[in-house]
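Undergrad: The structure is given below, and queries will be raised subsequently.
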Amino acid sequence: MIPIKPVAATVPAAQATSGPAQAALAFLKPGSLQLTALPPLSLYVHFPWCVRKCPYCDFNSHEVKGSFPEQDYLDALRVDLEMALPLIWGRKITTIFIGGGTPSLLSAAGLDRLLSDLRTLLPFDSDIEITMEANPGTFEAEKFRSYRDSGINRLSIGIQSFNARHLEALGRIHDGDQALRAVEIAQANFDNFNLDLMYALPQQTLAEARADIATALSFAPPHLSLYHLTLEPNTLFARFPPAVPDEDASADMQDLIAEMTAGAGYANYEVSAYAQPKRRARHNLNYWQFGDYLGIGAGAHSKLSFPHRIVRQMRYKHPQSYLEKTRAGAPIQEESEIGRDALGFEFMLNALRLTEGFSPNLFAERTGMGLNQIEKQLNLAEQKGMLYRDHALIRPTELGRRFLNDLQEIFLLS
């Protein structure tokens with residue numbers, strides 16, 4: 001964390017009359033909160049294009065129709081970031097995540113330019129974690145060596161499955177052999193990488209789930225993300241639901257995952273995240289600990305803290321709209337202050353995902369409010385056996401983890 005005082009003092013006088021700087025000064029006015037320090041700050045960069053839209057995907061991603069405007073988009077990202085700088089003066093970036101879409105569609109030169117722009121405009125933490133999402137269908141060994149040389153020090157690879165039948169059902173552009181090759185390239189070029197896998201896939205058996213997890217573990221990845229397939233609204237799977245394992249079968253898969261990952265030395269430190277010692281995803285941890293993040297790019301979200309308020313922003317979602325609005329100097333579509341009545345729920349929505357829980361002091365540090373603001377909800381969650389707490393720790397119990405949505409909803413109560 002950094003002390004708050006310098007933030008107000010470091011807005012350059014020459015920019016004090018510009019729009020973004022005026023907004024920053026407005027956010028620094030007295031308000032309903034009292035934060036004693038600002039949390040760590042991460043940067044999220046959204047790349048909105050992919051080769052093919054997967055039927056389960058509800059992210060802001062758009063199929064490439066032949067090509068995409070790489071240079072125009074990189075220009076827009078730089079303008080977007082320049083406009084946001086007055087909101088984060090004096091703060092170092094601790095982690096960067098380049099997500100999508102499929103960021104690995106960027107050329108080596110394009111990625112190099114993006115990171116060069118970020119270094120020019122932002123102060124990086126000395127041991128910054130810079131993660132890039134990549135899909136096996138876009139893997140080329142030489143390009144990924146170039147990505148590493150540009151400064152990417154962590155990959156997150158969207159494997160989803162090593163089973164050809166399941167990959168086809170998920171609409172993925174890669175097959176099992178390409179998935180294996182992608183992991184081999186990552187291993188050869190990166191010390192730190194994550195494998196994304198899904199389970200409870202259409203017609204998946206327990207034996208097939210076991211084979212996927214065993215294959216992933218055979219590579220000893222530093223980090224694993226294991227997600228239950230969800231039929232999200234406004235997706236092809238929501239309109240045409242596939243036959244997926246029932247609740248009992250998917251629960252068996254969850255138990256299998258817990259057993260296999262623990263046996264291989266991985267800690268399940270968050271709902272879907274498993275890590276070897278000292279290999280937790282620092283970027284995602286910052287989200288779950290209610291840290292700050294600036295999001296640039298089409299549809300990117302930001303959460304930024306100031307001494308007396310916490311603000312959320314969302315950029316224009318469609319790539320063309322984002323490009324046009326950014327050229328016009330107005331990339332932000334929505335901006336709002338998080339009210340005191342919503343802050344407790346927003347904090348707990350994130351922090352309760354952490355298996356080991358959090359210190360009670362973190363609530364005050366990140367929300368600017370006392371824990372008494374959610375005392376009634378904490379008591380109720382404790383009475384239901386879903387929450388454990390003492391003077392040093394608040395964490396979900398095994399029951400709370402199993403019924404996490406119900407536990408989180410308790411904090412919606414006023």
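Starting from 1 in every chain, residues are counted up; chains themselves are A, B, ... following the order of the structure tokens, and ligands are numbered from 1 as listed.
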What's around Phe124 in chain A at 8 Å? Count only C-alpha atoms, leave out sequence neighbours fewer than 5 positions away in its own chain, and write the answer as a list in words.

TA: Lys92, Ile93, Thr94 and Arg119 of chain A

Undergrad: Would you output that residue set with N, CA and C atoms, as an mmCIF file, in the first residue's frame?

TA:
```
data_model
loop_
_atom_site.group_PDB
_atom_site.id
_atom_site.type_symbol
_atom_site.label_atom_id
_atom_site.label_comp_id
_atom_site.auth_asym_id
_atom_site.auth_seq_id
_atom_site.Cartn_x
_atom_site.Cartn_y
_atom_site.Cartn_z
ATOM 1 N N LYS A 92 2.498 2.977 -8.249
ATOM 2 C CA LYS A 92 3.182 1.981 -9.072
ATOM 3 C C LYS A 92 2.214 0.882 -9.501
ATOM 4 N N ILE A 93 2.491 0.299 -10.659
ATOM 5 C CA ILE A 93 1.729 -0.840 -11.141
ATOM 6 C C ILE A 93 2.402 -2.111 -10.626
ATOM 7 N N THR A 94 1.650 -2.923 -9.885
ATOM 8 C CA THR A 94 2.228 -4.133 -9.291
ATOM 9 C C THR A 94 2.077 -5.351 -10.200
ATOM 10 N N ARG A 119 5.534 0.929 -20.341
ATOM 11 C CA ARG A 119 6.729 1.292 -19.560
ATOM 12 C C ARG A 119 6.999 2.796 -19.614
#
```

Undergrad: Which residue is closest to Thr131 in chain A? Choose from A:Ala392, A:Val45, A:Ile296, A:Leu380 and count only C-alpha atoms.

TA: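 The closest residue to Thr131 in chain A is A:Val45.
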
Undergrad: Between A:Gly90, A:Gly110, A:Pro55, A:Pro360, which has the minimum distance to Ala169 in chain A (counting only C-alpha atoms)?

TA: A:Pro55

Undergrad: Pick out each residue of range 267-335 of chain A that DSSP on the backbone tags as alpha helix (DSSP H); I need them as a PDB file with C-alpha atoms, in the first residue's frame.

TA:
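Done, and the output landed in result.pdb:
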```
ATOM      1  CA  ARG A 282      -0.718 -12.052  -7.893  1.00  0.00           C
ATOM      2  CA  HIS A 283      -2.942 -10.177 -10.338  1.00  0.00           C
ATOM      3  CA  ASN A 284      -6.027 -12.202  -9.439  1.00  0.00           C
ATOM      4  CA  LEU A 285      -5.186 -12.090  -5.741  1.00  0.00           C
ATOM      5  CA  ASN A 286      -5.301  -8.309  -5.950  1.00  0.00           C
ATOM      6  CA  TYR A 287      -8.874  -8.541  -7.285  1.00  0.00           C
ATOM      7  CA  TRP A 288      -9.952 -10.969  -4.557  1.00  0.00           C
ATOM      8  CA  PRO A 319     -14.211  -2.421 -30.585  1.00  0.00           C
ATOM      9  CA  GLN A 320     -15.376   0.056 -33.236  1.00  0.00           C
ATOM     10  CA  SER A 321     -17.258   2.175 -30.688  1.00  0.00           C
ATOM     11  CA  TYR A 322     -14.238   2.092 -28.402  1.00  0.00           C
ATOM     12  CA  LEU A 323     -11.909   3.238 -31.201  1.00  0.00           C
ATOM     13  CA  GLU A 324     -14.249   6.076 -32.207  1.00  0.00           C
ATOM     14  CA  LYS A 325     -14.949   7.262 -28.670  1.00  0.00           C
ATOM     15  CA  THR A 326     -11.268   7.113 -27.685  1.00  0.00           C
ATOM     16  CA  ARG A 327     -10.302   9.189 -30.732  1.00  0.00           C
TER      17      ARG A 327
END
```
